[in-house]
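The data block below is upload.tsv; it holds TSV, C-alpha atoms and all ligand atoms.
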```tsv
chain	number	residue	atom	x	y	z
T	664	MET	CA	58.41	160.78	-0.71
T	665	ILE	CA	60.22	163.40	-2.80
T	666	ILE	CA	58.48	166.68	-3.58
T	667	ALA	CA	60.00	168.83	-6.35
T	668	ILE	CA	59.16	172.51	-6.48
T	669	ASP	CA	60.39	174.61	-9.38
T	670	GLY	CA	59.73	178.14	-10.46
T	671	PRO	CA	61.24	181.50	-11.38
T	672	ALA	CA	63.02	183.98	-9.13
T	673	ALA	CA	60.93	185.36	-6.28
T	674	SER	CA	57.95	183.12	-7.06
T	675	GLY	CA	57.68	182.17	-3.42
T	676	LYS	CA	58.82	178.59	-4.06
T	677	GLY	CA	61.38	178.76	-1.24
T	678	THR	CA	58.87	179.67	1.44
T	679	LEU	CA	56.48	177.12	0.03
T	680	GLY	CA	59.16	174.42	0.08
T	681	LYS	CA	60.06	175.18	3.67
T	682	ARG	CA	56.44	175.15	4.80
T	683	LEU	CA	55.61	171.93	2.94
T	684	ALA	CA	58.66	170.21	4.42
T	685	HIS	CA	57.58	171.32	7.88
T	686	HIS	CA	54.02	170.09	7.28
T	687	TYR	CA	55.16	166.59	6.24
T	688	GLY	CA	58.16	166.34	8.59
T	689	TYR	CA	60.58	166.18	5.66
T	690	ARG	CA	63.96	167.81	5.11
T	691	HIS	CA	64.12	170.87	2.86
T	692	LEU	CA	66.78	172.03	0.41
T	693	ASP	CA	66.62	175.43	-1.25
T	694	THR	CA	68.87	174.54	-4.19
T	695	GLY	CA	69.26	178.19	-5.20
T	696	VAL	CA	71.43	178.59	-2.11
T	697	ILE	CA	73.94	176.13	-3.57
T	698	TYR	CA	74.40	178.22	-6.71
T	699	ARG	CA	74.44	181.38	-4.63
T	700	ALA	CA	77.19	179.92	-2.41
T	701	VAL	CA	79.31	179.07	-5.47
T	702	ALA	CA	78.74	182.55	-6.90
T	703	TYR	CA	79.63	184.22	-3.62
T	704	ALA	CA	82.85	182.23	-3.32
T	705	MET	CA	83.78	183.49	-6.81
T	706	MET	CA	82.92	187.08	-5.88
T	707	GLU	CA	85.00	186.87	-2.73
T	708	ALA	CA	87.94	185.53	-4.69
T	709	GLY	CA	87.54	188.40	-7.17
T	710	ALA	CA	87.11	185.84	-9.95
T	711	GLU	CA	85.39	186.39	-13.29
T	712	LEU	CA	81.95	184.70	-12.92
T	713	THR	CA	82.36	182.90	-16.23
T	714	ASN	CA	85.70	181.33	-15.24
T	715	GLU	CA	84.79	177.65	-15.52
T	716	VAL	CA	87.86	176.24	-13.78
T	717	LEU	CA	87.42	178.42	-10.70
T	718	ALA	CA	83.64	177.93	-10.64
T	719	VAL	CA	84.01	174.14	-10.71
T	720	ALA	CA	86.62	174.33	-7.94
T	721	ALA	CA	84.21	176.45	-5.85
T	722	ALA	CA	81.42	173.92	-6.48
T	723	LEU	CA	83.65	171.04	-5.38
T	724	GLU	CA	84.53	172.88	-2.17
T	725	LEU	CA	80.91	173.67	-1.30
T	726	ASP	CA	80.43	173.95	2.45
T	727	PRO	CA	76.77	173.52	3.58
T	728	GLU	CA	77.71	175.15	6.90
T	729	LYS	CA	77.88	178.44	5.00
T	730	PHE	CA	74.41	178.17	3.46
T	731	GLY	CA	72.93	180.29	6.25
T	732	ASN	CA	75.02	183.38	5.46
T	733	PRO	CA	72.43	186.17	4.92
T	734	ILE	CA	74.55	187.78	2.20
T	735	LEU	CA	73.63	184.85	-0.06
T	736	LYS	CA	70.05	186.18	-0.18
T	737	THR	CA	70.99	189.54	-1.72
T	738	GLN	CA	70.05	190.46	-5.27
T	739	LYS	CA	73.69	190.90	-6.26
T	740	VAL	CA	74.57	187.34	-5.28
T	741	GLY	CA	71.35	186.03	-6.89
T	742	ASP	CA	72.30	187.69	-10.14
T	743	ALA	CA	75.79	186.22	-9.99
T	744	ALA	CA	74.26	182.80	-9.22
T	745	SER	CA	72.21	183.00	-12.40
T	746	VAL	CA	75.45	183.45	-14.39
T	747	VAL	CA	77.43	180.74	-12.59
T	748	SER	CA	74.54	178.26	-12.78
T	749	ALA	CA	74.61	178.41	-16.59
T	750	ILE	CA	78.04	176.68	-16.61
T	751	PRO	CA	77.32	173.00	-17.42
T	752	LYS	CA	80.26	171.60	-15.42
T	753	VAL	CA	79.17	173.48	-12.32
T	754	ARG	CA	75.71	171.90	-12.59
T	755	GLU	CA	77.24	168.47	-13.11
T	756	VAL	CA	79.28	168.74	-9.92
T	757	LEU	CA	76.21	169.77	-7.93
T	758	VAL	CA	73.87	167.01	-9.16
T	759	ASN	CA	75.10	164.35	-6.73
T	760	PHE	CA	74.83	166.59	-3.70
T	761	GLN	CA	71.18	167.31	-4.54
T	762	ARG	CA	70.26	163.70	-5.39
T	763	GLN	CA	71.83	162.44	-2.18
T	764	PHE	CA	69.84	164.99	-0.20
T	765	ALA	CA	66.64	163.89	-1.94
T	766	ALA	CA	67.29	160.20	-1.29
T	767	ASP	CA	67.97	160.37	2.45
T	768	PRO	CA	65.00	159.38	4.67
T	769	PRO	CA	62.33	160.23	5.68
T	770	GLY	CA	61.55	162.32	2.58
T	771	ALA	CA	62.53	165.65	1.12
T	772	VAL	CA	61.30	168.80	-0.50
T	773	LEU	CA	63.72	170.40	-2.95
T	774	ASP	CA	63.05	173.70	-4.61
T	775	GLY	CA	64.83	175.19	-7.59
T	776	ARG	CA	64.71	175.44	-11.37
T	777	ASP	CA	65.37	171.90	-12.62
T	778	ILE	CA	64.36	169.61	-9.77
T	779	GLY	CA	61.39	168.02	-11.55
T	780	THR	CA	63.12	167.89	-14.94
T	781	VAL	CA	66.77	166.96	-14.21
T	782	ILE	CA	67.61	166.37	-10.54
T	783	CYS	CA	64.61	164.27	-9.47
T	784	PRO	CA	62.70	163.32	-12.63
T	785	HIS	CA	60.99	160.55	-10.62
T	786	ALA	CA	59.84	162.82	-7.79
T	787	ASP	CA	56.49	161.72	-6.34
T	788	VAL	CA	54.97	165.18	-6.71
T	789	LYS	CA	56.11	168.08	-8.87
T	790	ILE	CA	54.85	171.61	-8.41
T	791	PHE	CA	55.71	174.48	-10.76
T	792	VAL	CA	55.12	177.79	-9.03
T	793	VAL	CA	54.43	180.88	-11.10
T	794	ALA	CA	53.46	184.45	-10.27
T	795	ASP	CA	53.09	187.66	-12.21
T	796	PRO	CA	56.52	189.39	-12.52
T	797	ARG	CA	55.10	192.61	-11.04
T	798	VAL	CA	53.84	190.74	-8.00
T	799	ARG	CA	57.22	189.04	-7.59
T	800	ALA	CA	59.02	192.38	-7.86
T	801	ARG	CA	56.74	193.86	-5.21
T	802	ARG	CA	57.34	190.96	-2.82
T	803	ARG	CA	61.10	190.97	-3.40
T	804	THR	CA	61.26	194.73	-2.81
T	805	LEU	CA	59.37	194.52	0.47
T	806	GLU	CA	61.56	191.60	1.52
T	807	ALA	CA	64.77	193.53	0.78
T	808	ARG	CA	63.48	196.59	2.62
T	809	SER	CA	62.58	194.48	5.62
T	810	ARG	CA	66.23	193.42	5.74
T	811	GLY	CA	67.18	197.09	5.74
T	812	GLU	CA	68.40	197.03	2.11
T	813	ASP	CA	67.67	199.85	-0.28
T	814	ALA	CA	65.41	198.53	-3.07
T	815	ASP	CA	63.83	200.21	-6.08
T	816	GLU	CA	60.84	198.23	-7.34
T	817	GLU	CA	61.39	199.05	-11.02
T	818	ALA	CA	65.03	197.96	-10.80
T	819	VAL	CA	63.99	194.77	-9.01
T	820	LEU	CA	61.44	194.08	-11.76
T	821	ALA	CA	64.08	194.61	-14.45
T	822	ASP	CA	66.40	192.23	-12.61
T	823	ILE	CA	63.66	189.59	-12.29
T	824	LEU	CA	62.86	189.78	-16.01
T	825	LYS	CA	66.54	189.55	-16.94
T	826	ARG	CA	67.00	186.56	-14.64
T	827	ASP	CA	63.86	184.80	-15.98
T	828	GLU	CA	65.15	185.23	-19.51
T	829	ARG	CA	68.61	183.86	-18.61
T	830	ASP	CA	67.23	180.93	-16.56
T	831	GLN	CA	64.66	179.99	-19.24
T	832	ASN	CA	66.91	180.24	-22.26
T	833	ARG	CA	70.15	178.63	-21.12
T	834	PRO	CA	70.92	175.47	-23.09
T	835	ILE	CA	71.44	173.29	-20.02
T	836	ALA	CA	68.67	172.56	-17.50
T	837	PRO	CA	66.54	175.57	-18.48
T	838	LEU	CA	63.70	176.65	-16.23
T	839	ARG	CA	60.57	174.92	-17.52
T	840	PRO	CA	57.81	172.80	-16.02
T	841	ALA	CA	58.18	169.01	-16.20
T	842	ALA	CA	55.45	167.38	-18.31
T	843	ASP	CA	53.90	165.93	-15.14
T	844	ALA	CA	54.19	169.07	-12.98
T	845	HIS	CA	51.20	170.77	-11.39
T	846	THR	CA	51.21	174.52	-11.92
T	847	LEU	CA	50.46	176.70	-8.93
T	848	ASP	CA	49.88	180.38	-9.70
T	849	ASN	CA	50.22	182.29	-6.46
T	850	SER	CA	49.91	185.84	-7.88
T	851	ASN	CA	46.71	186.33	-5.92
T	852	LEU	CA	47.40	184.05	-2.96
T	853	ASP	CA	49.03	184.98	0.31
T	854	ILE	CA	51.52	182.58	1.88
T	855	GLU	CA	48.92	180.62	3.85
T	856	ALA	CA	46.65	180.17	0.83
T	857	GLY	CA	49.66	179.14	-1.29
T	858	VAL	CA	50.66	176.52	1.28
T	859	ARG	CA	47.10	175.17	1.40
T	860	ALA	CA	47.00	174.93	-2.40
T	861	ALA	CA	50.34	173.08	-2.45
T	862	ILE	CA	49.19	170.62	0.24
T	863	ALA	CA	46.03	170.00	-1.78
T	864	ILE	CA	48.19	169.15	-4.82
T	865	VAL	CA	50.34	166.74	-2.79
T	866	GLU	CA	47.31	165.06	-1.22
T	867	ALA	CA	45.56	164.66	-4.59
T	868	ALA	CA	48.72	163.15	-6.08
T	869	ARG	CA	49.01	160.72	-3.14
T	870	ALA	CA	45.35	159.71	-3.35
T	871	SER	CA	45.57	159.05	-7.08
T	872	ARG	CA	48.50	156.72	-6.43
T	873	GLY	CA	46.53	154.80	-3.86
K	1	LIG	O1	66.06	180.56	-6.63
K	1	LIG	P1	67.21	181.53	-6.46
K	1	LIG	O2	66.83	182.96	-6.79
K	1	LIG	O3	67.86	181.42	-5.12
K	1	LIG	O4	68.30	181.06	-7.55
K	1	LIG	C1	69.44	181.80	-7.85
K	1	LIG	C2	69.96	181.40	-9.23
K	1	LIG	O5	70.48	180.07	-9.19
K	1	LIG	C3	68.91	181.38	-10.33
K	1	LIG	O6	68.87	182.57	-11.07
K	1	LIG	C4	69.29	180.22	-11.20
K	1	LIG	C5	70.13	179.35	-10.34
K	1	LIG	N1	69.47	178.10	-9.96
K	1	LIG	C6	69.55	177.05	-10.86
K	1	LIG	O7	70.09	177.23	-11.94
K	1	LIG	N2	69.05	175.84	-10.54
K	1	LIG	C7	68.43	175.64	-9.36
K	1	LIG	N3	67.96	174.43	-9.08
K	1	LIG	C8	68.30	176.70	-8.44
K	1	LIG	C9	68.83	177.93	-8.78
```

The structure given in the file should be rewritten as structure tokens.
Amino acid sequence: MIIAIDGPAASGKGTLGKRLAHHYGYRHLDTGVIYRAVAYAMMEAGAELTNEVLAVAAALELDPEKFGNPILKTQKVGDAASVVSAIPKVREVLVNFQRQFAADPPGAVLDGRDIGTVICPHADVKIFVVADPRVRARRRTLEARSRGEDADEEAVLADILKRDERDQNRPIAPLRPAADAHTLDNSNLDIEAGVRAAIAIVEAARASRG
């Protein structure tokens, strides 16, 4: 079974993806990390983020061993990832990696922006996670502070809104729910309640398939 989870920045889709994968014994891929890794490679090389040739080269040299680097989680790298991910050729290079991950047994949960629409249009279950931008900014701020980073909630909110606008309005693979996605609004749900709601969606989808 393939479960696709999409949603905007800081919607909680990553945590949800991880928890769902754990619940079903599936593998989990946070696809944002891929774009973050490409963006970070560009930053390290001192490259212009819009340099297509260098960005494609960085995407081709992607090393999953580096996905755990905590610096990838920072707002600065996330912002850069939003720019790099708008380059069509970069997305093209990364499609196969994601589809291969999804296809390997026993099943997979992938979370991102275009999993249900582009990467796995035939996913068994698609969930589109949304949350009020203010709630997302609050969560992201607390998260950053817990890592010892300095974070100003208003600045985080501005960043989230800017990123939403860029991710939703890019011409290629924009952030939008697939026609057959189930929307999960977790603005008023804590993590446990969000996980329960997601499991309920997966179970209902399974039952309706027989
Ligand atoms: O989910 P995230 O914050 O880690 O994603 C970082 C950026 O990467 C996001 O602004 C857009 C891009 N992204 C994408 O274009 N497609 C995905 N499947 C995942 C992330």

Q.
Neighbouring residues of Ala672 in chain T were defined as those with any atom within 12 Å, considering only C-alpha atoms; residues of the same chain fewer than 3 positions away were excluded. Please report them as a PyMOL selection string.
A. chain T and resi 669+675-677+695+736+738+741-742+744-745+774-776+792-800+802-803+819-831+838

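Proximity of T:Asp693, T:Glu755, T:Glu715, T:Glu866 to ligand LIG 1 (chain K), computed with all atoms listed in the file, is greatest for T:Asp693.
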
Q) In terms of the shortest atom-to-atom distance over all atoms listed in the file, which of T:Ile782, T:Met664, T:Ala720, T:Ala710 is closest to ligand LIG 1 (chain K)? A) T:Ile782

Shell of 12 Å around Asn732 in chain T, all atoms listed in the file, local chain residues under 6 positions omitted, as an mmCIF file with C-alpha atoms, in the frame of the given file:
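That gives us selection.cif:
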```cif
data_model
loop_
_atom_site.group_PDB
_atom_site.id
_atom_site.type_symbol
_atom_site.label_atom_id
_atom_site.label_comp_id
_atom_site.auth_asym_id
_atom_site.auth_seq_id
_atom_site.Cartn_x
_atom_site.Cartn_y
_atom_site.Cartn_z
ATOM 1 C CA VAL T 696 71.430 178.590 -2.110
ATOM 2 C CA ILE T 697 73.940 176.130 -3.570
ATOM 3 C CA ARG T 699 74.440 181.380 -4.630
ATOM 4 C CA ALA T 700 77.190 179.920 -2.410
ATOM 5 C CA TYR T 703 79.630 184.220 -3.620
ATOM 6 C CA ALA T 704 82.850 182.230 -3.320
ATOM 7 C CA ASP T 726 80.430 173.950 2.450
ATOM 8 C CA VAL T 740 74.570 187.340 -5.280
#
```

Step by step, gather every atom of ligand LIG 1 (chain K) that the file lists, find the box along x, y and z that holds them, add 6 Å on each side, and finally give centre and edge lengths in Å to one decimal, as lines of an AutoDock Vina configuration file.
```
center_x = 68.3
center_y = 178.7
center_z = -8.5
size_x = 16.4
size_y = 20.5
size_z = 18.8
```

Q.
My list of candidates is T:Met705, T:Leu692, T:Ala771, T:Ala844. Which is closest to ligand LIG 1 (chain K) when distances are computed with only C-alpha atoms and all ligand atoms?
A. T:Leu692

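Going from CA of Asn714 in chain T over to CA of Arg754 in chain T, you cover 14.0 Å.
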
Q: Give the answer as one residue: which of T:Val719, T:Ala708, T:Glu812, T:Lys789 has the shortest atom-to-atom distance to Ala861 in chain T, using only C-alpha atoms?
A: T:Lys789

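Candidate residues T:Ala766, T:Leu852, T:Ile835, T:Leu712 were compared for distance to ligand LIG 1 (chain K), and the nearest is T:Ile835, using all atoms listed in the file.
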
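What separates CA of Ile750 in chain T from CA of Pro840 in chain T is a distance of 20.6 Å.
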
Q: Determine the nearest neighbour of Ile790 in chain T from the options T:Gly857, T:Ala673, T:Leu735, T:Leu723, counting all atoms listed in the file.
A: T:Gly857

Q | Neighbour list for Ala814 in chain T as an MDAnalysis selection string, cut-off 8 Å, all atoms listed in the file, skip fewer than 6 positions in-chain | A | chainID T and resid 804 807:808

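CA of Asp777 in chain T lies 5.8 Å from atom N2 of ligand LIG 1 (chain K).
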
Show me a table, sorted first by chain and then by increasing residue number, of the residues of range 678-746 of chain T having an atom at most 9 Å from range 759-765 of chain T, each with its shortest atom pair and the distance in Å to one decimal, counting all atoms listed in the file and written as CSV.
```
residue,atom,partner,partner_atom,distance
T:Arg690,CA,T:Phe764,CA,8.4
T:His691,CA,T:Phe764,CA,8.8
T:Leu692,CA,T:Phe764,CA,7.7
T:Thr694,CA,T:Gln761,CA,7.6
```

**Q.** Test item: residues at most 10 Å from Asp787 in chain T, only C-alpha atoms, excluding those fewer than 3 positions along its chain, as a PyMOL selection string
**A.** chain T and resi 664-667+779+783-784+865+868-869+872
